[in-house]
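Enquirer: Please find protein28.cif (mmCIF, C-alpha atoms and all ligand atoms) on the next line:
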data_entry
loop_
_atom_site.label_atom_id
_atom_site.label_comp_id
_atom_site.auth_asym_id
_atom_site.auth_seq_id
_atom_site.Cartn_x
_atom_site.Cartn_y
_atom_site.Cartn_z
CA PRO A 1 3.18 8.22 -13.04
CA LEU A 2 1.24 8.87 -16.27
CA MET A 3 3.22 6.13 -18.01
CA LYS A 4 2.53 3.76 -15.16
CA GLU A 5 -1.18 4.44 -15.38
CA LEU A 6 -1.13 3.84 -19.12
CA PHE A 7 0.53 0.49 -18.63
CA GLY A 8 -1.91 -0.49 -15.88
CA LEU A 9 1.03 -0.95 -13.55
CA TYR A 10 -0.70 0.36 -10.44
CA ARG A 11 -3.21 -2.47 -10.64
CA LEU A 12 -0.41 -4.95 -11.23
CA GLU A 13 1.40 -3.59 -8.16
CA ALA A 14 -1.70 -4.13 -6.02
CA GLU A 15 -2.18 -7.68 -7.30
CA LEU A 16 1.45 -8.62 -6.76
CA LYS A 17 1.46 -7.09 -3.29
CA ALA A 18 -1.53 -9.20 -2.31
CA PHE A 19 -0.12 -12.35 -3.87
CA LEU A 20 3.36 -12.10 -2.31
CA GLY A 21 2.24 -10.62 1.00
CA VAL A 22 4.80 -7.80 0.98
CA ASN A 23 3.99 -4.30 2.26
CA HIS A 24 5.07 -2.35 -0.82
CA VAL A 25 5.56 -3.24 -4.46
CA ILE A 26 7.00 -0.93 -7.10
CA ILE A 27 6.91 -2.09 -10.74
CA VAL A 28 8.75 -0.45 -13.62
CA PRO A 29 7.59 -1.03 -17.21
CA GLY A 30 9.35 -3.61 -19.42
CA ASP A 31 11.35 -6.78 -18.79
CA ALA A 32 15.01 -6.68 -17.72
CA ASP A 33 15.61 -10.00 -19.54
CA VAL A 34 14.71 -8.29 -22.81
CA SER A 35 16.17 -4.79 -22.48
CA ASP A 36 18.98 -3.37 -20.38
CA TRP A 37 17.31 -0.03 -19.74
CA VAL A 38 14.72 -1.79 -17.57
CA LYS A 39 17.44 -2.58 -15.03
CA VAL A 40 18.49 1.06 -15.14
CA GLU A 41 14.88 2.02 -14.35
CA MET A 42 14.74 -0.44 -11.45
CA GLY A 43 17.96 1.17 -10.23
CA ARG A 44 16.35 4.60 -10.44
CA ALA A 45 13.25 3.40 -8.56
CA GLY A 46 15.44 1.74 -5.92
CA ALA A 47 17.59 4.81 -5.39
CA ARG A 48 14.52 7.05 -5.12
CA TYR A 49 12.92 4.71 -2.60
CA LEU A 50 16.05 4.54 -0.42
CA LYS A 51 16.21 8.31 -0.46
CA GLN A 52 12.59 8.60 0.70
CA LEU A 53 13.23 6.20 3.55
CA ALA A 54 16.59 7.60 4.64
CA VAL A 55 17.04 8.92 8.18
CA PRO A 56 20.24 10.26 9.76
CA ASP A 57 22.64 7.89 11.52
CA GLN A 58 21.31 4.76 9.89
CA ILE A 59 23.17 1.66 8.79
CA VAL A 60 22.15 0.31 5.40
CA ALA A 61 23.25 -3.22 4.50
CA VAL A 62 23.72 -3.80 0.77
CA SER A 63 24.19 -6.93 -1.31
CA GLY A 64 26.00 -7.38 -4.59
CA GLY A 65 24.87 -8.05 -8.16
CA SER A 66 24.18 -6.06 -11.30
CA THR A 67 20.76 -4.81 -10.13
CA MET A 68 22.27 -3.41 -6.93
CA LEU A 69 24.98 -1.83 -9.05
CA ALA A 70 22.20 -0.12 -11.04
CA VAL A 71 20.72 1.19 -7.76
CA ALA A 72 24.11 2.48 -6.59
CA GLU A 73 24.68 4.27 -9.89
CA MET A 74 21.45 6.26 -9.42
CA MET A 75 22.10 7.42 -5.88
CA MET A 76 22.56 11.10 -5.04
CA PRO A 77 23.68 13.04 -1.97
CA THR A 78 21.09 13.99 0.67
CA PRO A 79 21.63 15.19 4.26
CA ALA A 80 20.39 11.84 5.65
CA PHE A 81 22.62 9.82 3.33
CA LYS A 82 25.63 11.88 4.46
CA GLN A 83 25.05 10.39 7.90
CA THR A 84 24.44 6.88 6.61
CA THR A 85 26.90 3.99 6.80
CA PHE A 86 26.69 1.47 3.96
CA VAL A 87 27.82 -2.03 4.96
CA PRO A 88 28.15 -5.02 2.61
CA THR A 89 25.93 -7.99 3.55
CA ARG A 90 28.83 -10.36 2.84
CA GLY A 91 32.44 -10.52 1.73
CA GLY A 92 33.50 -11.54 -1.75
CA VAL A 93 31.47 -13.95 -3.81
CA GLY A 94 33.98 -15.01 -6.41
CA GLU A 95 32.34 -12.78 -8.99
CA ALA A 96 33.49 -9.72 -10.90
CA VAL A 97 34.65 -7.05 -8.46
CA GLU A 98 32.03 -4.49 -9.49
CA LEU A 99 29.30 -7.00 -8.63
CA GLU A 100 30.63 -7.53 -5.12
CA ALA A 101 28.74 -6.08 -2.17
CA ASN A 102 31.94 -4.38 -0.95
CA TYR A 103 32.28 -2.42 -4.14
CA ILE A 104 28.59 -1.50 -4.24
CA ALA A 105 28.58 -0.29 -0.61
CA SER A 106 31.61 1.90 -1.34
CA LEU A 107 30.00 3.24 -4.52
CA MET A 108 26.80 4.14 -2.64
CA ALA A 109 28.87 5.98 -0.05
CA LYS A 110 30.85 7.78 -2.72
CA ARG A 111 27.77 8.88 -4.64
CA THR A 112 25.84 10.03 -1.57
CA GLY A 113 28.64 11.45 0.54
CA GLY A 114 27.98 8.76 3.15
CA LYS A 115 30.32 6.39 4.98
CA TYR A 116 31.05 2.74 4.37
CA ARG A 117 32.65 -0.33 5.92
CA MET A 118 34.27 -3.25 4.17
CA LEU A 119 34.17 -6.99 4.74
CA HIS A 120 37.37 -8.39 3.33
CA ILE A 121 36.42 -12.06 3.44
CA PRO A 122 36.44 -14.50 0.55
CA ASP A 123 33.45 -16.72 -0.07
CA GLN A 124 33.42 -20.52 0.15
CA LEU A 125 35.57 -20.56 3.30
CA SER A 126 37.10 -23.68 4.80
CA ASP A 127 35.95 -24.59 8.34
CA GLU A 128 39.23 -23.46 9.77
CA ALA A 129 39.31 -20.10 8.02
CA TYR A 130 35.68 -19.52 8.97
CA GLN A 131 36.37 -20.08 12.69
CA THR A 132 39.50 -17.93 12.65
CA LEU A 133 38.11 -15.02 10.68
CA GLN A 134 34.99 -14.91 12.78
CA LYS A 135 37.15 -14.10 15.81
CA GLU A 136 39.05 -11.26 14.13
CA PRO A 137 38.13 -8.06 16.03
CA HIS A 138 37.91 -5.95 12.88
CA ILE A 139 35.61 -8.43 11.15
CA GLN A 140 33.57 -8.89 14.32
CA GLU A 141 33.00 -5.14 14.39
CA VAL A 142 31.62 -5.09 10.85
CA LEU A 143 29.44 -8.14 11.58
CA ASP A 144 28.12 -6.34 14.66
CA SER A 145 27.28 -3.27 12.61
CA LEU A 146 25.25 -5.49 10.25
CA LYS A 147 23.15 -6.53 13.24
CA LEU A 148 22.30 -2.86 13.81
CA ALA A 149 21.24 -2.24 10.21
CA ARG A 150 17.95 -0.39 9.88
CA MET A 151 17.56 -1.37 6.29
CA VAL A 152 18.83 -4.02 3.94
CA VAL A 153 18.64 -3.61 0.18
CA HIS A 154 19.42 -6.72 -1.82
CA GLY A 155 19.22 -8.56 -5.11
CA ILE A 156 17.57 -11.89 -5.89
CA GLY A 157 19.04 -14.26 -8.43
CA ASP A 158 17.97 -17.30 -10.40
CA ALA A 159 19.70 -20.27 -8.75
CA LYS A 160 21.32 -21.76 -11.83
CA THR A 161 22.48 -18.41 -13.20
CA MET A 162 24.10 -17.59 -9.87
CA ALA A 163 25.81 -20.97 -9.49
CA ILE A 164 27.36 -20.56 -12.93
CA ARG A 165 28.31 -16.92 -12.35
CA ARG A 166 30.08 -17.96 -9.14
CA LYS A 167 31.81 -20.87 -10.84
CA SER A 168 30.40 -23.28 -8.27
CA SER A 169 31.77 -26.83 -8.17
CA PRO A 170 29.98 -29.70 -9.97
CA GLN A 171 29.06 -31.06 -6.52
CA VAL A 172 27.28 -27.84 -5.59
CA ILE A 173 25.52 -27.69 -8.97
CA ASP A 174 24.40 -31.27 -8.44
CA GLU A 175 23.12 -30.44 -4.96
CA LEU A 176 21.16 -27.50 -6.36
CA GLU A 177 19.64 -29.62 -9.11
CA LYS A 178 18.68 -32.42 -6.74
CA GLY A 179 17.16 -29.92 -4.32
CA LYS A 180 15.32 -28.16 -7.17
CA ALA A 181 16.80 -24.79 -6.20
CA VAL A 182 15.12 -21.89 -8.00
CA GLY A 183 16.49 -18.78 -6.31
CA GLU A 184 19.37 -17.24 -4.40
CA SER A 185 19.77 -14.36 -1.97
CA PHE A 186 22.29 -13.68 0.86
CA GLY A 187 24.27 -16.77 -0.16
CA TYR A 188 21.27 -19.07 0.43
CA TYR A 189 19.88 -21.15 -2.41
CA PHE A 190 16.25 -22.19 -1.95
CA ASN A 191 13.53 -24.19 -3.67
CA ARG A 192 10.13 -22.88 -4.76
CA ASP A 193 8.66 -23.35 -1.28
CA GLY A 194 11.38 -21.17 0.21
CA LYS A 195 13.22 -24.14 1.76
CA ILE A 196 17.02 -23.79 1.92
CA VAL A 197 18.79 -26.24 -0.38
CA HIS A 198 22.37 -24.98 -0.05
CA ARG A 199 24.30 -22.21 1.62
CA VAL A 200 27.55 -20.57 0.51
CA ARG A 201 29.90 -20.74 3.48
CA THR A 202 30.80 -17.17 4.23
CA LEU A 203 30.54 -14.49 6.90
CA GLY A 204 27.97 -11.74 6.81
CA LEU A 205 24.28 -11.20 7.32
CA ASP A 206 22.58 -14.57 7.90
CA LEU A 207 18.87 -15.35 8.17
CA ASP A 208 18.84 -14.74 11.94
CA GLY A 209 20.52 -11.39 11.49
CA LEU A 210 18.10 -10.57 8.72
CA GLU A 211 15.19 -11.01 11.11
CA LEU A 212 16.53 -8.09 13.14
CA VAL A 213 16.51 -5.67 10.20
CA GLU A 214 13.44 -3.46 10.20
CA LYS A 215 13.16 -2.74 6.47
CA LYS A 216 14.02 -5.31 3.83
CA VAL A 217 14.01 -4.05 0.28
CA ALA A 218 14.54 -6.46 -2.62
CA VAL A 219 15.30 -5.23 -6.13
CA ALA A 220 15.00 -7.88 -8.86
CA GLY A 221 13.32 -8.15 -12.23
CA GLY A 222 13.12 -10.06 -15.49
CA ALA A 223 10.63 -12.87 -16.14
CA SER A 224 13.42 -15.43 -15.58
CA LYS A 225 13.52 -14.45 -11.89
CA ALA A 226 9.78 -15.05 -11.29
CA GLU A 227 10.18 -18.28 -9.28
CA ALA A 228 13.20 -16.94 -7.42
CA ILE A 229 11.26 -13.84 -6.33
CA VAL A 230 8.30 -15.92 -5.09
CA ALA A 231 10.64 -18.22 -3.17
CA VAL A 232 12.62 -15.45 -1.45
CA CYS A 233 9.44 -13.58 -0.52
CA SER A 234 8.12 -16.70 1.20
CA LEU A 235 11.40 -17.18 3.07
CA VAL A 236 12.13 -13.60 4.12
CA SER A 237 9.37 -11.28 5.36
CA GLN A 238 9.98 -8.65 2.73
CA ASP A 239 8.95 -5.06 3.33
CA THR A 240 9.36 -3.88 -0.25
CA LEU A 241 9.87 -5.44 -3.66
CA ILE A 242 11.03 -3.31 -6.57
CA THR A 243 10.62 -5.27 -9.78
CA ASP A 244 9.62 -5.02 -13.43
CA GLU A 245 6.55 -5.81 -15.44
CA GLY A 246 8.15 -8.95 -16.96
CA ALA A 247 8.69 -10.58 -13.55
CA ALA A 248 5.34 -9.37 -12.18
CA ARG A 249 3.31 -10.82 -15.06
CA ALA A 250 5.25 -14.10 -14.97
CA ILE A 251 4.65 -14.48 -11.21
CA LEU A 252 0.91 -13.76 -11.47
CA LYS A 253 0.50 -16.02 -14.49
CA ASN A 254 1.64 -19.02 -12.46
CA ALA A 255 -0.34 -17.95 -9.41
O1 LIG C 1 25.80 -12.09 -5.50
C1 LIG C 1 25.06 -11.10 -4.89
C2 LIG C 1 23.61 -11.13 -5.32
O2 LIG C 1 22.89 -10.12 -4.65
C3 LIG C 1 22.93 -12.46 -5.10
O3 LIG C 1 22.54 -12.70 -3.77
C4 LIG C 1 21.80 -12.40 -6.07
O4 LIG C 1 21.32 -13.68 -6.41
C5 LIG C 1 22.47 -11.73 -7.25
O5 LIG C 1 23.50 -10.93 -6.73
C6 LIG C 1 21.60 -10.94 -8.16
O6 LIG C 1 22.40 -10.46 -9.19
P1 LIG C 1 21.82 -9.67 -10.46
O7 LIG C 1 21.18 -8.43 -9.92
O8 LIG C 1 23.02 -9.38 -11.29
O9 LIG C 1 20.86 -10.59 -11.14
#
Let me see the file written as structure tokens.

Expert:
Amino acid sequence: PLMKELFGLYRLEAELKAFLGVNHVIIVPGDADVSDWVKVEMGRAGARYLKQLAVPDQIVAVSGGSTMLAVAEMMMPTPAFKQTTFVPTRGGVGEAVELEANYIASLMAKRTGGKYRMLHIPDQLSDEAYQTLQKEPHIQEVLDSLKLARMVVHGIGDAKTMAIRRKSSPQVIDELEKGKAVGESFGYYFNRDGKIVHRVRTLGLDLDGLELVEKKVAVAGGASKAEAIVAVCSLVSQDTLITDEGAARAILKNA
């Protein structure tokens, strides 16, 4: 807290909260684009926040990505977490395994003593596979549990970075460029006005399902994610944003 006061971060939090229209903003010092420890600090802030909010018998939906991995790595056991079920927001995403939501949900459960469920579905499904998998009772059960989630904690990515990381096809990259996509979350790519430009065909939490979740917590930082953060906050009614100084200053500079 003393450090935050010194950096004037409380004022920055208030400004960003007003600008983005989210209920809570937590800013850690530094810029994740510049130094790796800033992501670790966002992870710490995220884990602490989830602990404060935790209640017994809750379902927490979790996305993938390196920032969510940082959150998972900071989580600790609490009585409420021991009665929490962590569920991935989606199946695979064609990324490194430790960045997949499945892995992160299992890691959160392991670190907290909680429970978890898995969604063993690849991303970029064909129409046929999509229809068939959707009807699988086991998958249906996990999808139903996502609809009962009390909280969702998720990352936000820069559109281009994510398309490359997922080895998206030239057609998709072209579509994203033409649509001026700036950000990505939940498999949706959107432009700066929060309009959806492209969607990764997969099963999991979609925008309708997201509406049902009471608390939505985004964790994303680095100045390079400024536009992406603004876009996702205008698309999804965010309860909380945990970010860093680099992103916060970049967002307010363009405000
Ligand atoms: O792929 C999962 C995901 O949460 C994306 O929705 C998001 O764009 C990305 O990860 C963020 O990843 P990182 O925290 O590594 O920037």

Enquirer: Quick one: residues within 10 Å of A:Leu69, all atoms listed in the file counted, chain neighbours fewer than 5 positions away excluded, as JSON, numbers by chain?

Expert: {"A": [39, 40, 43, 63, 64, 74, 98, 99, 100, 101, 103, 104, 105, 107, 108, 155]}

Enquirer: Keeping C-alpha atoms, export the residues of the selection given above as a compact mmCIF listing (two decimals), in the coordinates of the input.

Expert:
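Printed below is again-v1.txt as written:
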# COMPACT_ATOMS: atom_id res chain seq x y z
CA LYS A 39 17.44 -2.58 -15.03
CA VAL A 40 18.49 1.06 -15.14
CA GLY A 43 17.96 1.17 -10.23
CA SER A 63 24.19 -6.93 -1.31
CA GLY A 64 26.00 -7.38 -4.59
CA MET A 74 21.45 6.26 -9.42
CA GLU A 98 32.03 -4.49 -9.49
CA LEU A 99 29.30 -7.00 -8.63
CA GLU A 100 30.63 -7.53 -5.12
CA ALA A 101 28.74 -6.08 -2.17
CA TYR A 103 32.28 -2.42 -4.14
CA ILE A 104 28.59 -1.50 -4.24
CA ALA A 105 28.58 -0.29 -0.61
CA LEU A 107 30.00 3.24 -4.52
CA MET A 108 26.80 4.14 -2.64
CA GLY A 155 19.22 -8.56 -5.11

Enquirer: Find the residue from A:Gln238, A:Ser66, A:Thr89, A:Thr112 that sits nearest to ligand LIG 1 (chain C); use all atoms listed in the file when measuring.

Expert: A:Ser66

Enquirer: How many Å lie between atom CA of A:His138 and atom CA of A:Asp208, rounded to one decimal?

Expert: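 So the two atoms, atom CA of A:His138 and atom CA of A:Asp208, lie 21.0 Å apart.
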
Enquirer: Which protein, DNA or RNA residues have an atom within 6 Å of ligand LIG 1 (chain C), counting all atoms listed in the file, as a PyMOL selection string?

Expert: chain A and resi 63-68+154-157+162+184-187

Enquirer: Give me, as a list in words, all polymer residues having an atom no more than 12 Å from A:Lys253, counting all atoms listed in the file and skipping those fewer than 4 positions away in the same chain.

Expert: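 Selected residues are Leu12, Glu15, Leu16, Phe19, Ala223, Ala226, Glu227, Glu245, Gly246, Ala247, Ala248 and Arg249 of chain A.
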
Enquirer: Closest to A:Gln140 among A:Ala14, A:Ala109, A:Met118, A:Val230, using all atoms listed in the file?

Expert: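 Smallest separation from A:Gln140 among the options: A:Met118.
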
Enquirer: Calculate how many Å separate atom CA of A:Pro79 from atom CA of A:Pro56, rounding to one decimal.

Expert: 7.5 Å

Enquirer: As an exercise, work out the distance from atom CA of A:Ile139 to atom CA of A:Arg117 in Å and give it to one decimal place.

Expert: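 Going from atom CA of A:Ile139 over to atom CA of A:Arg117, I get 10.1 Å.
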
Enquirer: Between A:Ala218, A:Ala61, A:Met3, A:Val200, which has the minimum distance to A:His24 (counting all atoms listed in the file)?

Expert: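 That would be A:Ala218, the residue with the smallest distance to A:His24.
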
Enquirer: Quick one: everything within 12 Å of A:Leu53, counting only C-alpha atoms, minus sequence neighbours fewer than 6 positions away in the same chain. Send it as a list in words.

Expert: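 After dropping sequence-adjacent residues, the list is Gly46, Ala47, Val60, Thr78, Ala80, Phe81, Thr84, Arg150, Met151, Val152, Val153, Glu214, Lys215, Lys216, Val217 and Thr240 of chain A.
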
Enquirer: Could you tell me which of A:Asp244, A:Asp206, A:Glu73, A:Glu177 comes closest to A:Gly30 if we count all atoms listed in the file?

Expert: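 Checking each of A:Asp244, A:Asp206, A:Glu73, A:Glu177 against A:Gly30, counting all atoms listed in the file, the winner is A:Asp244.
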
Enquirer: Find the residues around A:Lys4 up to 9 Å (only C-alpha atoms counted), leave out those fewer than 4 positions away in its own chain, and share them as a list in words.

Expert: Gly8, Leu9, Tyr10, Ile27, Val28 and Pro29 of chain A

Enquirer: Counting all atoms listed in the file, which of A:Lys178, A:Leu20, A:Asp144, A:Asn102 gets nearest to A:Ile229?

Expert: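 Nearest candidate to A:Ile229 out of A:Lys178, A:Leu20, A:Asp144, A:Asn102: A:Leu20.
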
Enquirer: For A:Arg48, please output as a tab-separated table (two decimals) with C-alpha atoms, in the frame of the given file all residues within 12 Å (counting all atoms listed in the file; exclusion window: fewer than 6 positions along the same chain).

Expert:
chain	number	residue	atom	x	y	z
A	26	ILE	CA	7.00	-0.93	-7.10
A	41	GLU	CA	14.88	2.02	-14.35
A	42	MET	CA	14.74	-0.44	-11.45
A	54	ALA	CA	16.59	7.60	4.64
A	71	VAL	CA	20.72	1.19	-7.76
A	72	ALA	CA	24.11	2.48	-6.59
A	73	GLU	CA	24.68	4.27	-9.89
A	74	MET	CA	21.45	6.26	-9.42
A	75	MET	CA	22.10	7.42	-5.88
A	76	MET	CA	22.56	11.10	-5.04
A	77	PRO	CA	23.68	13.04	-1.97
A	78	THR	CA	21.09	13.99	0.67
A	242	ILE	CA	11.03	-3.31	-6.57

Enquirer: Which is closest to A:Asp127 among A:Arg11, A:Lys180, A:Arg201, A:Lys225, if we use all atoms listed in the file?

Expert: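 Smallest distance to A:Asp127 is found for A:Arg201.
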
Enquirer: N, CA and C atoms are what I want for stretch 80-101 of chain A; can you complete it accordingly and write them as a CSV table (one decimal), in the frame of the given file?

Expert:
chain,number,residue,atom,x,y,z
A,80,ALA,N,20.5,13.1,4.9
A,80,ALA,CA,20.4,11.8,5.6
A,80,ALA,C,21.4,10.8,5.2
A,81,PHE,N,21.6,10.8,3.9
A,81,PHE,CA,22.6,9.8,3.3
A,81,PHE,C,24.0,10.2,3.8
A,82,LYS,N,24.3,11.5,4.0
A,82,LYS,CA,25.6,11.9,4.5
A,82,LYS,C,25.9,11.3,5.8
A,83,GLN,N,24.9,11.0,6.6
A,83,GLN,CA,25.0,10.4,7.9
A,83,GLN,C,24.7,8.9,7.9
A,84,THR,N,24.8,8.3,6.7
A,84,THR,CA,24.4,6.9,6.6
A,84,THR,C,25.7,6.1,6.5
A,85,THR,N,25.8,4.9,7.0
A,85,THR,CA,26.9,4.0,6.8
A,85,THR,C,26.4,2.8,6.0
A,86,PHE,N,27.0,2.6,4.8
A,86,PHE,CA,26.7,1.5,4.0
A,86,PHE,C,27.6,0.3,4.3
A,87,VAL,N,27.0,-0.8,4.6
A,87,VAL,CA,27.8,-2.0,5.0
A,87,VAL,C,27.5,-3.2,4.0
A,88,PRO,N,28.5,-3.9,3.5
A,88,PRO,CA,28.2,-5.0,2.6
A,88,PRO,C,27.5,-6.2,3.4
A,89,THR,N,26.6,-6.9,2.8
A,89,THR,CA,25.9,-8.0,3.6
A,89,THR,C,26.9,-9.2,3.7
A,90,ARG,N,27.9,-9.3,2.8
A,90,ARG,CA,28.8,-10.4,2.8
A,90,ARG,C,30.2,-9.9,2.2
A,91,GLY,N,31.1,-10.8,2.3
A,91,GLY,CA,32.4,-10.5,1.7
A,91,GLY,C,32.4,-10.8,0.2
A,92,GLY,N,33.4,-11.3,-0.3
A,92,GLY,CA,33.5,-11.5,-1.8
A,92,GLY,C,32.6,-12.7,-2.1
A,93,VAL,N,32.3,-12.8,-3.4
A,93,VAL,CA,31.5,-14.0,-3.8
A,93,VAL,C,32.1,-14.7,-5.0
A,94,GLY,N,33.3,-14.4,-5.3
A,94,GLY,CA,34.0,-15.0,-6.4
A,94,GLY,C,33.4,-14.6,-7.7
A,95,GLU,N,32.9,-13.3,-7.7
A,95,GLU,CA,32.3,-12.8,-9.0
A,95,GLU,C,33.2,-11.6,-9.4
A,96,ALA,N,32.8,-10.9,-10.5
A,96,ALA,CA,33.5,-9.7,-10.9
A,96,ALA,C,33.4,-8.7,-9.8
A,97,VAL,N,34.5,-8.0,-9.6
A,97,VAL,CA,34.6,-7.0,-8.5
A,97,VAL,C,33.5,-6.0,-8.4
A,98,GLU,N,33.1,-5.5,-9.5
A,98,GLU,CA,32.0,-4.5,-9.5
A,98,GLU,C,30.7,-5.1,-9.1
A,99,LEU,N,30.6,-6.4,-9.1
A,99,LEU,CA,29.3,-7.0,-8.6
A,99,LEU,C,29.3,-7.4,-7.2
A,100,GLU,N,30.5,-7.2,-6.5
A,100,GLU,CA,30.6,-7.5,-5.1
A,100,GLU,C,30.0,-6.5,-4.2
A,101,ALA,N,29.4,-7.0,-3.1
A,101,ALA,CA,28.7,-6.1,-2.2
A,101,ALA,C,29.7,-5.0,-1.6
